[in-house]
Each structure stands twice: as C-alpha cells, then as structure tokens.
file entry34.csv (CSV, C-alpha atoms)
chain,number,residue,atom,x,y,z
A,172,MET,CA,9.8,-14.8,-144.2
A,173,SER,CA,12.0,-15.3,-141.2
A,174,THR,CA,11.0,-13.9,-137.8
A,175,THR,CA,13.1,-11.3,-136.3
A,176,PRO,CA,14.8,-12.1,-133.0
A,177,ARG,CA,12.6,-9.4,-131.4
A,178,ARG,CA,9.4,-11.0,-132.5
A,179,ARG,CA,10.6,-14.4,-131.4
A,180,TRP,CA,11.4,-13.0,-128.0
A,181,ARG,CA,8.0,-11.5,-127.7
A,182,ARG,CA,6.4,-14.8,-128.6
A,183,LEU,CA,8.4,-16.6,-125.9
A,184,VAL,CA,7.2,-14.1,-123.3
A,185,VAL,CA,3.6,-14.6,-124.3
A,186,ILE,CA,3.9,-18.4,-124.1
A,187,ALA,CA,5.8,-18.1,-120.7
A,188,LEU,CA,2.9,-16.0,-119.3
A,189,ALA,CA,0.1,-17.9,-120.9
A,190,VAL,CA,1.1,-21.5,-120.0
A,191,PRO,CA,0.9,-21.1,-116.2
A,192,VAL,CA,-2.4,-19.2,-116.5
A,193,ILE,CA,-3.9,-22.0,-118.5
A,194,VAL,CA,-2.5,-24.7,-116.2
A,195,ALA,CA,-3.9,-22.9,-113.2
A,196,ALA,CA,-7.3,-22.5,-114.8
A,197,ALA,CA,-7.5,-26.1,-115.8
A,198,GLY,CA,-6.4,-27.1,-112.3
A,199,LEU,CA,-9.1,-25.0,-110.7
A,200,LEU,CA,-11.7,-26.4,-113.0
A,201,ALA,CA,-10.6,-30.0,-112.2
A,202,LEU,CA,-10.8,-29.2,-108.5
A,203,ARG,CA,-14.3,-27.9,-108.9
A,204,LEU,CA,-15.4,-30.9,-111.0
A,205,PHE,CA,-13.8,-33.6,-108.9
A,206,GLN,CA,-13.8,-32.2,-105.4
A,207,PRO,CA,-16.5,-33.9,-103.4
A,208,HIS,CA,-19.4,-31.6,-102.3
A,209,LEU,CA,-19.0,-30.4,-98.7
A,210,TYR,CA,-22.3,-30.9,-97.0
A,211,SER,CA,-23.5,-28.4,-94.5
A,212,GLY,CA,-25.3,-31.1,-92.5
A,213,THR,CA,-23.7,-34.1,-90.8
A,214,VAL,CA,-23.0,-36.9,-93.3
A,215,LEU,CA,-23.7,-40.3,-91.8
A,216,GLN,CA,-20.6,-42.4,-92.4
A,217,ALA,CA,-22.2,-45.8,-92.5
A,218,PRO,CA,-25.6,-45.0,-94.0
A,219,GLU,CA,-28.3,-47.6,-93.8
A,220,ILE,CA,-31.5,-47.9,-95.7
A,221,ALA,CA,-33.9,-45.4,-94.1
A,222,PRO,CA,-36.1,-47.2,-91.6
A,223,PRO,CA,-39.6,-47.9,-92.9
A,224,MET,CA,-42.4,-45.8,-91.3
A,225,GLU,CA,-44.6,-48.7,-90.4
A,226,GLY,CA,-48.1,-47.8,-89.4
A,227,LEU,CA,-47.7,-44.2,-90.5
A,228,THR,CA,-49.8,-42.8,-93.3
A,229,LEU,CA,-50.3,-39.9,-95.6
A,230,VAL,CA,-53.4,-37.7,-95.3
A,231,ASP,CA,-55.3,-40.0,-97.7
A,232,GLY,CA,-54.6,-43.0,-95.5
A,233,SER,CA,-52.0,-44.6,-97.8
A,234,PRO,CA,-48.9,-46.0,-96.2
A,235,VAL,CA,-45.6,-44.2,-96.5
A,236,ASP,CA,-43.7,-46.2,-99.1
A,237,LEU,CA,-40.0,-45.1,-98.9
A,238,VAL,CA,-39.0,-47.8,-101.4
A,239,ALA,CA,-41.2,-46.3,-104.1
A,240,LEU,CA,-39.4,-43.0,-103.6
A,241,GLN,CA,-36.0,-44.4,-104.3
A,242,GLY,CA,-34.3,-42.5,-107.1
A,243,ASP,CA,-35.5,-39.2,-105.6
A,244,VAL,CA,-34.3,-37.4,-102.4
A,245,VAL,CA,-36.6,-37.5,-99.4
A,246,LEU,CA,-36.4,-35.0,-96.6
A,247,VAL,CA,-37.9,-36.1,-93.2
A,248,TYR,CA,-38.8,-33.7,-90.4
A,249,PHE,CA,-40.5,-34.5,-87.1
A,250,GLY,CA,-42.6,-31.6,-85.8
A,251,TYR,CA,-46.1,-30.6,-84.9
A,252,THR,CA,-48.6,-27.9,-85.9
A,253,HIS,CA,-48.8,-26.2,-82.5
A,254,CYS,CA,-45.1,-25.5,-82.8
A,255,PRO,CA,-44.9,-21.8,-83.4
A,256,ASP,CA,-41.1,-21.2,-83.6
A,257,VAL,CA,-38.7,-23.9,-84.5
A,258,CYS,CA,-40.9,-25.9,-86.9
A,259,PRO,CA,-42.1,-23.0,-89.0
A,260,THR,CA,-38.5,-21.7,-89.1
A,261,THR,CA,-37.2,-25.0,-90.6
A,262,LEU,CA,-40.2,-25.7,-92.8
A,263,SER,CA,-40.0,-22.2,-94.2
A,264,LYS,CA,-36.3,-22.7,-95.0
A,265,VAL,CA,-37.1,-26.0,-96.7
A,266,ALA,CA,-39.8,-24.3,-98.8
A,267,HIS,CA,-37.3,-21.6,-99.9
A,268,ALA,CA,-34.6,-24.1,-100.7
A,269,LEU,CA,-37.1,-26.0,-102.9
A,270,ASP,CA,-37.9,-22.8,-104.7
A,271,GLU,CA,-34.2,-22.1,-105.1
A,272,ILE,CA,-33.4,-25.4,-106.9
A,273,GLY,CA,-36.3,-24.9,-109.4
A,274,ASP,CA,-37.4,-28.0,-111.4
A,275,ASP,CA,-34.9,-30.2,-109.5
A,276,ALA,CA,-37.4,-29.9,-106.6
A,277,ASP,CA,-39.7,-32.3,-108.5
A,278,ARG,CA,-37.3,-35.0,-107.4
A,279,VAL,CA,-37.4,-34.0,-103.7
A,280,HIS,CA,-40.1,-35.3,-101.4
A,281,VAL,CA,-40.7,-33.7,-98.0
A,282,LEU,CA,-42.4,-35.7,-95.3
A,283,VAL,CA,-43.4,-34.0,-92.0
A,284,VAL,CA,-44.1,-36.5,-89.3
A,285,THR,CA,-46.2,-35.2,-86.4
A,286,VAL,CA,-44.9,-35.9,-82.9
A,287,ASP,CA,-48.2,-34.7,-81.5
A,288,PRO,CA,-50.6,-37.3,-83.1
A,289,GLU,CA,-53.2,-36.7,-80.3
A,290,ARG,CA,-53.8,-33.1,-81.4
A,291,ASP,CA,-52.8,-33.2,-85.0
A,292,LEU,CA,-55.5,-34.7,-87.2
A,293,PRO,CA,-54.2,-35.8,-90.6
A,294,GLU,CA,-56.1,-33.1,-92.3
A,295,THR,CA,-54.9,-30.4,-89.9
A,296,LEU,CA,-51.3,-31.5,-90.4
A,297,GLU,CA,-51.7,-31.6,-94.2
A,298,THR,CA,-53.1,-28.0,-94.2
A,299,TYR,CA,-50.3,-26.9,-92.0
A,300,VAL,CA,-47.4,-28.4,-94.0
A,301,THR,CA,-48.9,-27.5,-97.4
A,302,SER,CA,-49.1,-23.9,-96.3
A,303,PHE,CA,-45.3,-23.8,-96.3
A,304,ASP,CA,-45.1,-25.5,-99.7
A,305,PRO,CA,-47.8,-27.5,-101.6
A,306,ARG,CA,-45.2,-30.2,-102.2
A,307,MET,CA,-44.8,-31.1,-98.6
A,308,ARG,CA,-46.7,-34.1,-97.1
A,309,GLY,CA,-48.0,-34.7,-93.6
A,310,VAL,CA,-47.4,-38.1,-92.1
A,311,SER,CA,-49.2,-39.3,-89.0
A,312,GLY,CA,-50.1,-42.4,-87.1
A,313,SER,CA,-50.9,-43.8,-83.6
A,314,MET,CA,-48.7,-42.7,-80.7
A,315,ALA,CA,-47.1,-46.2,-80.6
A,316,ASP,CA,-46.2,-46.2,-84.3
A,317,THR,CA,-45.0,-42.6,-84.1
A,318,GLU,CA,-42.8,-43.4,-81.1
A,319,ARG,CA,-41.3,-46.5,-82.8
A,320,THR,CA,-40.6,-44.6,-86.1
A,321,ALA,CA,-39.1,-41.6,-84.2
A,322,SER,CA,-36.7,-43.8,-82.3
A,323,LEU,CA,-35.6,-45.6,-85.5
A,324,TYR,CA,-34.7,-42.2,-86.8
A,325,GLY,CA,-33.0,-41.2,-83.6
A,326,VAL,CA,-35.7,-38.7,-82.9
A,327,PHE,CA,-36.7,-37.9,-79.3
A,328,PHE,CA,-40.0,-36.4,-78.4
A,329,ALA,CA,-42.0,-35.9,-75.2
A,330,PRO,CA,-44.7,-33.6,-73.9
A,331,GLY,CA,-43.0,-30.4,-72.6
A,332,GLU,CA,-44.0,-27.4,-70.6
A,333,ARG,CA,-47.7,-26.5,-70.3
A,334,LEU,CA,-48.0,-23.1,-72.0
A,335,GLY,CA,-51.2,-21.2,-71.9
A,336,ASP,CA,-54.1,-23.5,-72.6
A,337,GLY,CA,-52.0,-26.0,-74.4
A,338,TYR,CA,-48.6,-27.7,-74.2
A,339,ALA,CA,-45.4,-27.7,-76.1
A,340,VAL,CA,-43.8,-30.9,-77.4
A,341,ASP,CA,-40.0,-31.2,-76.9
A,342,HIS,CA,-38.6,-32.8,-80.0
A,343,THR,CA,-35.5,-33.4,-82.0
A,344,ALA,CA,-35.6,-30.5,-84.4
A,345,THR,CA,-33.1,-31.8,-87.0
A,346,LEU,CA,-33.9,-32.3,-90.7
A,347,MET,CA,-33.0,-35.6,-92.2
A,348,GLY,CA,-32.1,-36.4,-95.8
A,349,ILE,CA,-32.6,-39.8,-97.5
A,350,ASP,CA,-30.4,-40.1,-100.6
A,351,THR,CA,-31.5,-41.4,-104.1
A,352,GLU,CA,-30.5,-44.9,-103.0
A,353,GLY,CA,-32.8,-44.9,-100.0
A,354,HIS,CA,-30.1,-44.4,-97.4
A,355,LEU,CA,-30.6,-42.1,-94.4
A,356,ARG,CA,-27.6,-40.0,-95.2
A,357,ILE,CA,-27.6,-36.4,-93.9
A,358,VAL,CA,-28.8,-34.7,-90.7
A,359,TRP,CA,-29.0,-31.0,-90.7
A,360,PRO,CA,-29.2,-28.9,-87.6
A,361,ASN,CA,-32.1,-26.4,-87.3
A,362,SER,CA,-29.6,-23.6,-87.8
A,363,LEU,CA,-29.2,-24.6,-91.5
A,364,THR,CA,-29.5,-21.9,-94.1
A,365,VAL,CA,-31.6,-21.9,-97.3
A,366,SER,CA,-28.6,-21.7,-99.6
A,367,HIS,CA,-26.7,-24.5,-97.9
A,368,LEU,CA,-29.7,-26.7,-98.0
A,369,ALA,CA,-30.3,-25.9,-101.6
A,370,SER,CA,-26.8,-26.8,-102.6
A,371,ASP,CA,-26.8,-29.9,-100.5
A,372,LEU,CA,-30.0,-31.0,-102.3
A,373,GLU,CA,-28.5,-30.4,-105.7
A,374,ALA,CA,-25.5,-32.5,-104.7
A,375,MET,CA,-27.7,-35.3,-103.5
A,376,LEU,CA,-29.7,-35.4,-106.7
B,16,VAL,CA,-45.5,13.9,-69.0
B,17,ALA,CA,-49.2,13.6,-69.5
B,18,ALA,CA,-49.0,15.9,-72.5
B,19,ARG,CA,-46.2,13.8,-74.0
B,20,VAL,CA,-48.1,10.6,-73.5
B,21,ALA,CA,-51.1,12.2,-75.1
B,22,ALA,CA,-49.0,13.4,-78.0
B,23,VAL,CA,-47.6,9.8,-78.6
B,24,ALA,CA,-51.1,8.4,-78.3
B,25,LEU,CA,-52.4,10.9,-80.8
B,26,SER,CA,-49.6,10.3,-83.3
B,27,CYS,CA,-50.3,6.5,-82.9
B,28,LEU,CA,-54.0,7.2,-83.7
B,29,LEU,CA,-53.2,9.3,-86.7
B,30,PHE,CA,-50.2,7.6,-88.1
B,31,GLY,CA,-50.1,4.2,-86.5
B,32,CYS,CA,-47.4,3.2,-84.0
B,33,SER,CA,-44.6,2.4,-86.4
B,34,SER,CA,-42.1,-0.3,-85.7
B,35,GLU,CA,-39.9,0.9,-88.6
B,36,PRO,CA,-36.3,1.8,-87.8
B,37,GLY,CA,-35.9,5.4,-86.8
B,38,SER,CA,-39.3,5.8,-85.4
B,39,GLY,CA,-38.1,6.7,-82.0
B,40,ALA,CA,-36.1,9.8,-81.0
B,41,PRO,CA,-32.7,9.2,-79.4
B,42,GLY,CA,-33.1,8.9,-75.7
B,43,ASP,CA,-36.1,6.6,-76.1
B,44,LEU,CA,-36.7,2.9,-75.7
B,45,VAL,CA,-37.8,1.8,-79.2
B,46,VAL,CA,-39.2,-1.4,-80.7
B,47,LEU,CA,-37.8,-2.2,-84.2
B,48,ASP,CA,-38.5,-4.7,-86.9
B,49,ALA,CA,-41.5,-6.4,-85.4
B,50,TRP,CA,-42.6,-9.3,-87.6
B,51,THR,CA,-44.4,-12.6,-87.7
B,52,ARG,CA,-44.7,-15.4,-90.2
B,53,PRO,CA,-48.0,-15.9,-92.0
B,54,THR,CA,-50.0,-18.6,-90.1
B,55,PRO,CA,-51.4,-21.7,-91.7
B,56,PRO,CA,-55.2,-21.9,-91.9
B,57,GLY,CA,-56.6,-23.0,-88.6
B,58,SER,CA,-53.5,-22.3,-86.7
B,59,THR,CA,-54.1,-20.6,-83.3
B,60,GLU,CA,-50.5,-19.7,-82.5
B,61,ALA,CA,-48.1,-17.2,-83.9
B,62,ALA,CA,-44.6,-16.2,-82.8
B,63,VAL,CA,-43.8,-12.5,-82.9
B,64,TYR,CA,-40.2,-11.4,-83.4
B,65,LEU,CA,-38.8,-8.0,-82.7
B,66,ARG,CA,-35.9,-6.0,-81.2
B,67,VAL,CA,-36.2,-3.7,-78.2
B,68,VAL,CA,-33.5,-1.1,-78.2
B,69,ASN,CA,-33.0,0.8,-75.0
B,70,GLY,CA,-31.7,4.3,-75.8
B,71,SER,CA,-33.2,5.6,-72.5
B,72,GLU,CA,-31.4,6.1,-69.2
B,73,VAL,CA,-33.4,3.5,-67.4
B,74,ALA,CA,-33.1,-0.3,-67.7
B,75,ASP,CA,-36.3,-1.9,-68.6
B,76,GLN,CA,-37.9,-5.3,-68.9
B,77,LEU,CA,-40.3,-6.9,-71.4
B,78,VAL,CA,-43.2,-8.4,-69.5
B,79,GLY,CA,-45.5,-9.6,-72.2
B,80,GLY,CA,-48.0,-8.2,-74.7
B,81,GLN,CA,-51.6,-7.9,-75.6
B,82,SER,CA,-53.4,-7.8,-78.9
B,83,ASP,CA,-57.0,-7.9,-80.0
B,84,ARG,CA,-56.0,-10.8,-82.2
B,85,CYS,CA,-54.7,-13.0,-79.4
B,86,MET,CA,-56.0,-14.5,-76.2
B,87,SER,CA,-52.6,-14.2,-74.5
B,88,MET,CA,-49.1,-13.1,-75.3
B,89,LEU,CA,-46.2,-14.3,-73.2
B,90,VAL,CA,-42.5,-14.5,-74.0
B,91,HIS,CA,-41.3,-18.0,-74.7
B,92,GLU,CA,-37.9,-19.3,-75.2
B,93,THR,CA,-36.8,-22.0,-77.6
B,94,ALA,CA,-33.6,-23.8,-76.6
B,95,VAL,CA,-32.0,-26.4,-78.8
B,96,ASP,CA,-29.5,-28.6,-77.0
B,97,ALA,CA,-26.4,-30.3,-78.4
B,98,ASP,CA,-28.5,-33.3,-79.5
B,99,GLY,CA,-30.7,-31.1,-81.6
B,100,VAL,CA,-33.7,-31.4,-79.2
B,101,SER,CA,-35.8,-28.3,-79.1
B,102,ARG,CA,-37.5,-27.3,-75.9
B,103,MET,CA,-39.9,-24.4,-75.4
B,104,THR,CA,-40.3,-22.7,-72.0
B,105,LEU,CA,-41.6,-19.5,-70.5
B,106,ALA,CA,-38.8,-17.0,-70.6
B,107,THR,CA,-37.5,-15.8,-67.2
B,108,PRO,CA,-37.6,-12.1,-66.3
B,109,SER,CA,-33.8,-11.9,-66.2
B,110,GLU,CA,-33.7,-13.0,-69.9
B,111,LEU,CA,-36.1,-10.1,-70.8
B,112,THR,CA,-34.1,-7.3,-69.3
B,113,VAL,CA,-33.1,-4.5,-71.7
B,114,PRO,CA,-30.1,-2.7,-70.1
B,115,VAL,CA,-29.4,0.9,-70.8
B,116,GLY,CA,-27.8,1.1,-74.2
B,117,GLY,CA,-28.7,-2.6,-74.8
B,118,THR,CA,-30.9,-4.5,-77.1
B,119,LEU,CA,-33.3,-7.4,-76.5
B,120,GLU,CA,-33.6,-9.6,-79.5
B,121,LEU,CA,-36.6,-11.8,-80.1
B,122,GLU,CA,-35.7,-14.0,-83.1
B,123,PRO,CA,-36.4,-17.4,-84.5
B,124,SER,CA,-35.1,-20.3,-82.4
B,125,GLY,CA,-34.5,-18.0,-79.5
B,126,LEU,CA,-37.0,-15.7,-77.7
B,127,HIS,CA,-40.5,-15.0,-79.2
B,128,LEU,CA,-43.6,-13.3,-78.1
B,129,MET,CA,-46.1,-16.1,-78.3
B,130,CYS,CA,-49.6,-15.2,-79.4
B,131,THR,CA,-52.0,-18.0,-78.4
B,132,GLY,CA,-55.7,-18.2,-79.2
B,133,LEU,CA,-55.1,-16.4,-82.5
B,134,ALA,CA,-58.6,-15.4,-83.6
B,135,SER,CA,-57.9,-15.3,-87.4
B,136,PRO,CA,-55.0,-16.3,-89.6
B,137,LEU,CA,-52.2,-13.8,-90.4
B,138,ALA,CA,-51.6,-13.2,-94.1
B,139,VAL,CA,-48.5,-11.9,-95.8
B,140,GLY,CA,-48.5,-8.2,-96.1
B,141,GLU,CA,-50.9,-7.7,-93.3
B,142,ARG,CA,-50.0,-5.4,-90.3
B,143,TRP,CA,-51.5,-5.9,-86.9
B,144,SER,CA,-51.2,-4.1,-83.6
B,145,VAL,CA,-49.6,-5.4,-80.4
B,146,ARG,CA,-49.3,-3.5,-77.1
B,147,LEU,CA,-46.0,-4.5,-75.5
B,148,GLU,CA,-45.9,-4.3,-71.8
B,149,MET,CA,-42.6,-3.0,-70.4
B,150,ALA,CA,-42.0,-3.1,-66.6
B,151,HIS,CA,-40.8,0.5,-66.4
B,152,LEU,CA,-42.1,2.3,-69.5
B,153,GLY,CA,-45.5,0.7,-69.5
B,154,VAL,CA,-47.4,-0.1,-72.7
B,155,ILE,CA,-45.8,0.5,-76.1
B,156,GLY,CA,-47.9,0.2,-79.3
B,157,VAL,CA,-46.1,-1.8,-82.0
B,158,GLU,CA,-47.2,-2.6,-85.5
B,159,VAL,CA,-46.3,-6.1,-86.5
B,160,VAL,CA,-45.7,-6.9,-90.2
B,161,VAL,CA,-46.6,-10.4,-91.5
B,162,GLU,CA,-43.7,-11.6,-93.7
B,163,ASP,CA,-42.6,-14.9,-95.3
B,164,ARG,CA,-39.0,-14.5,-93.9
B,165,VAL,CA,-36.4,-17.1,-93.1

call {"tool": "encode", "arguments": {"input": "entry34.csv", "output": "structure tokens"}}
result
Amino acid sequence: MSTTPRRRWRRLVVIALAVPVIVAAAGLLALRLFQPHLYSGTVLQAPEIAPPMEGLTLVDGSPVDLVALQGDVVLVYFGYTHCPDVCPTTLSKVAHALDEIGDDADRVHVLVVTVDPERDLPETLETYVTSFDPRMRGVSGSMADTERTASLYGVFFAPGERLGDGYAVDHTATLMGIDTEGHLRIVWPNSLTVSHLASDLEAML
Amino acid sequence: VAARVAAVALSCLLFGCSSEPGSGAPGDLVVLDAWTRPTPPGSTEAAVYLRVVNGSEVADQLVGGQSDRCMSMLVHETAVDADGVSRMTLATPSELTVPVGGTLELEPSGLHLMCTGLASPLAVGERWSVRLEMAHLGVIGVEVVVEDRV
C-alpha cells in the first residue's frame, strides 16, 4: 500500500516537531547529569587534608581520628553550650539536613568542638550536641589544644562580653565540610539553609 | 483605663495571653509569634524570638522581660561579621525602639530575649509565660511556644 501525499506530509510535520523536542530534552538531561553541583558554601580552591585535632577527644576520651573517617563526609563546627542563639540555629539546621538526606546521613559525621573548654565538660557538651541529633559528637580538649586546632581551621574565638552571671564567647560561626577524601573542602556561613546544606551533603557523598 | 487594664488582665487569666496573630485589636501594640527552641538537658539559657508590631499611636521601646522560668531576661544582639565571627552583646535601647506603624523583630542570628538562669528545660510543644516590659505601655503578657524551628 502506498502512502498518500497527505499522510506523508503529516508524518513530516510530526518528525519536524518531535526532533527538536527530543534534542532539547536530551540536552537538558545531559546538563543536569554533567553540570557540576553548585555549592551554597564557599568551596576551597586548593583543599588540603583537614588538620588533625591533636589532643582533642570525644566524650569517651578517645582521640578524634579524621583519617579513619575518610570515605565519609565530616562536618566540623566550633561552638559552646552556653551559646543560646547562633550555635543552636546552625546545629538545628544541620540536624534537619541530616533528616532530609535519609540513610545517606549514615555517611556523615558531625563533630562539634567546644571553644569554651573551661565551662563545657565533655559530658555536658555531649548531652548538648546529641539533643540536636543523636548522631552528633562533642569534641573537647585543653585550652591550648583547642586554640591550636581552631587556628588550624581558621577559627577565631575569644571570651566576649560579660552577660548576666556568665560570659559570651565570640567565635567564628561557620560550618566546615571535610570531603570523602579527607580534604577540608567547604565553608558554609551561618546563614545557610537546610535544603542547601542537604543538597551540598548529597553532592559531597 | 483601669477598667481596660483589668479587662485585659482578666482575659489573660481566663484565656491566657495569646501571642497568636490577630490577638490584638487594631490600634494596639501586639506581640506576635513568640517562640523558643527546646533546650538541651542541663542548659540554663534560652533565646526567645518574637515580633512586636506597633499599631498604636505612640512609639515604644522593648526594655526586657521577666518570667518565673528565668532569673533574668535581657535583649541581646548577635552580630556576625564578614569573617563569620559571631559576637553577642547587650542590645542598645535605640535598636529596641518600635516606631508607630513599625515592627521590631527578634529572630535567630539577630536580636533575642535572653533567658538566663533557666530553672527547668523547655520541651517541644510546651507553652510558657513571659512578661515583656515596654518603656511606654508597661508590661505585656506573652505566651511563648517551644518549637523545633529552623
């Protein structure tokens, strides 16, 4: 059976319409697949192996072994338990981001280093951080070890204003991300959002 | 005036001083959306966030607060500089002014009413009472909701 000219014309129209649509869809898919993830934090351009946290320990007294955590993502935050505003804000965002990425959070470790070792006992710190998420870990040490580690991470801290019967600690309130190869890679401002952090974590894993 | 104050006090007793939107008649200074995060066990501080909307015809100023749950309540300010360093200071009176038709926002990483000497932890879902002290209007009862908000 030979096709009528009318049918042939219709087929040409269909092809003429379909081809650009398919090409555009494939192009968009390729863009999505191959476009590098745009991180919401600052990506360190010449990342180095994250500095060891010499002298600092987890609540059980064991040293922080960052090498053993390679293959997973590690988030590092310097804060303190008497910090009522900026620390709970960030830690709460981290907790929600962990919830958002589901099982992938099993490969994310969160270390919260106290910048107030004189007031924060290891147990107090652990209770504080695990109240945000049971997967978070408190890290503490002597003032000298804390100062050295903080400076290696580019973190500043110093006793601040006397407020009420206590004092505030001024501190760098950024969140840092160590990639799966152990490089200190991303620095997020405290204004980060839960969904941005969640998608950055997914991209790092 | 005394009758009105008494009426407000009575409605507070009967229904609680609500901080829900719409609790104030137009022409009033109202406190909206007062909330605080749950506190970790053993923690003796809590930051209270809220909005003061001044629908009245007089400028006012937030001075501080009081609560049976806290030893003191002062307004603190968190400021984060370009290097990401966070500093907490006592807010200055000028920062706490609520102009006529204006809103004073106490929100994370900005201003907060700092409860120190918190007697017992705050749990999600709980509501607790705070008496806000305004320079002009005097004391306003506010109910603060404990929420796991980001």

call {"tool": "closest_atom_pairs", "arguments": {"input": "entry34.csv", "of": "chain A", "to": "chain B", "cutoff": "10 Å", "atoms": "all atoms listed in the file", "output": "tab-separated table"}}
result
residue	atom	partner	partner_atom	distance
A:Thr252	CA	B:Ser58	CA	7.5
A:His253	CA	B:Glu60	CA	6.7
A:Cys254	CA	B:Glu60	CA	7.9
A:Pro255	CA	B:Ala61	CA	5.6
A:Asp256	CA	B:Pro123	CA	6.1
A:Val257	CA	B:Ser124	CA	5.5
A:Cys258	CA	B:Ser124	CA	9.2
A:Pro259	CA	B:Arg52	CA	8.1
A:Thr260	CA	B:Val165	CA	6.4
A:Thr261	CA	B:Val165	CA	8.3
A:Leu262	CA	B:Val165	CA	9.4
A:Ser263	CA	B:Val165	CA	6.3
A:Lys264	CA	B:Val165	CA	5.9
A:Val265	CA	B:Val165	CA	9.6
A:Ala266	CA	B:Val165	CA	9.8
A:His267	CA	B:Val165	CA	8.2
A:Thr295	CA	B:Gly57	CA	7.7
A:Leu296	CA	B:Pro55	CA	9.9
A:Thr298	CA	B:Pro56	CA	6.8
A:Tyr299	CA	B:Pro55	CA	5.3
A:Val300	CA	B:Pro55	CA	8.1
A:Thr301	CA	B:Pro55	CA	8.5
A:Ser302	CA	B:Pro55	CA	5.6
A:Phe303	CA	B:Pro55	CA	7.9
A:Gly325	CA	B:Asp98	CA	10.0
A:Val326	CA	B:Val100	CA	8.4
A:Phe327	CA	B:Val100	CA	7.2
A:Phe328	CA	B:Val100	CA	8.1
A:Ala329	CA	B:Arg102	CA	9.7
A:Pro330	CA	B:Arg102	CA	9.8
A:Gly331	CA	B:Arg102	CA	7.1
A:Glu332	CA	B:Thr104	CA	6.1
A:Arg333	CA	B:Thr104	CA	8.5
A:Leu334	CA	B:Leu105	CA	7.5
A:Gly335	CA	B:Thr131	CA	7.3
A:Asp336	CA	B:Thr131	CA	8.3
A:Gly337	CA	B:Thr131	CA	8.9
A:Tyr338	CA	B:Met103	CA	9.4
A:Ala339	CA	B:Met103	CA	6.5
A:Val340	CA	B:Arg102	CA	7.4
A:Asp341	CA	B:Arg102	CA	4.7
A:His342	CA	B:Val100	CA	5.2
A:Thr343	CA	B:Val100	CA	3.9
A:Ala344	CA	B:Val100	CA	5.6
A:Thr345	CA	B:Gly99	CA	6.0
A:Leu346	CA	B:Gly99	CA	9.7
A:Val358	CA	B:Gly99	CA	10.0
A:Trp359	CA	B:Gly99	CA	9.3
A:Pro360	CA	B:Gly99	CA	6.6
A:Asn361	CA	B:Gly99	CA	7.5
A:Ser362	CA	B:Ser124	CA	8.4
A:Thr364	CA	B:Val165	CA	8.5
A:Val365	CA	B:Val165	CA	8.0

call {"tool": "atom_distance", "arguments": {"input": "entry34.csv", "atom1": "CA of Gly309 in chain A", "atom2": "CA of Ala134 in chain B"}}
result
24.2 Å

call {"tool": "atom_distance", "arguments": {"input": "entry34.csv", "atom1": "CA of Trp50 in chain B", "atom2": "CA of Met149 in chain B"}}
result
18.3 Å

call {"tool": "closest_residue", "arguments": {"input": "entry34.csv", "among": "A:Met314, A:Leu240, A:Leu269, A:Leu229", "to": "Arg290 in chain A", "atoms": "only C-alpha atoms"}}
result
A:Met314

call {"tool": "residues_near_point", "arguments": {"input": "entry34.csv", "point": "(-26.2, -46.8, -98.9)", "cutoff": "9 Å", "atoms": "all atoms listed in the file", "output": "list in words"}}
result
Ala217, Pro218, Glu219, Ile220, Asp350, Glu352, Gly353, His354, Leu355 and Arg356 of chain A

call {"tool": "atom_distance", "arguments": {"input": "entry34.csv", "atom1": "CA of Asp270 in chain A", "atom2": "CA of Pro293 in chain A"}}
result
25.2 Å

call {"tool": "closest_residue", "arguments": {"input": "entry34.csv", "among": "B:Val113, B:Ala74, B:Leu65, B:Val90", "to": "Thr51 in chain B", "atoms": "all atoms listed in the file"}}
result
B:Leu65

call {"tool": "closest_residue", "arguments": {"input": "entry34.csv", "among": "B:Leu77, B:Val67, B:Leu47, B:Val154", "to": "Glu110 in chain B", "atoms": "all atoms listed in the file"}}
result
B:Leu77

call {"tool": "residues_near_point", "arguments": {"input": "entry34.csv", "point": "(-46.5, -34.0, -92.2)", "cutoff": "8 Å", "atoms": "only C-alpha atoms", "output": "MDAnalysis selection string"}}
result
chainID A and resid 229 248:250 282:285 296:297 300 307:311

call {"tool": "residues_around", "arguments": {"input": "entry34.csv", "residues": "Ser144 in chain B", "least_positions_apart": "4", "cutoff": "7 Å", "atoms": "all atoms listed in the file", "output": "PyMOL selection string"}}
result
chain B and resi 82+156-159

call {"tool": "residues_around", "arguments": {"input": "entry34.csv", "residues": "Pro114 in chain B", "least_positions_apart": "2", "cutoff": "10 Å", "atoms": "only C-alpha atoms", "output": "list in words"}}
result
Val68, Asn69, Gly70, Ser71, Glu72, Val73, Ala74, Asp75, Gln76, Leu111, Thr112, Gly116, Gly117, Thr118 and Leu119 of chain B

call {"tool": "write_last_selection", "arguments": {"input": "entry34.csv", "atoms": "C-alpha atoms", "output": "PDB file, in the coordinates of the input"}}
result
ATOM      1  CA  VAL B  68     -33.500  -1.100 -78.200  1.00  0.00           C
ATOM      2  CA  ASN B  69     -33.000   0.800 -75.000  1.00  0.00           C
ATOM      3  CA  GLY B  70     -31.700   4.300 -75.800  1.00  0.00           C
ATOM      4  CA  SER B  71     -33.200   5.600 -72.500  1.00  0.00           C
ATOM      5  CA  GLU B  72     -31.400   6.100 -69.200  1.00  0.00           C
ATOM      6  CA  VAL B  73     -33.400   3.500 -67.400  1.00  0.00           C
ATOM      7  CA  ALA B  74     -33.100  -0.300 -67.700  1.00  0.00           C
ATOM      8  CA  ASP B  75     -36.300  -1.900 -68.600  1.00  0.00           C
ATOM      9  CA  GLN B  76     -37.900  -5.300 -68.900  1.00  0.00           C
ATOM     10  CA  LEU B 111     -36.100 -10.100 -70.800  1.00  0.00           C
ATOM     11  CA  THR B 112     -34.100  -7.300 -69.300  1.00  0.00           C
ATOM     12  CA  GLY B 116     -27.800   1.100 -74.200  1.00  0.00           C
ATOM     13  CA  GLY B 117     -28.700  -2.600 -74.800  1.00  0.00           C
ATOM     14  CA  THR B 118     -30.900  -4.500 -77.100  1.00  0.00           C
ATOM     15  CA  LEU B 119     -33.300  -7.400 -76.500  1.00  0.00           C
TER      16      LEU B 119
END
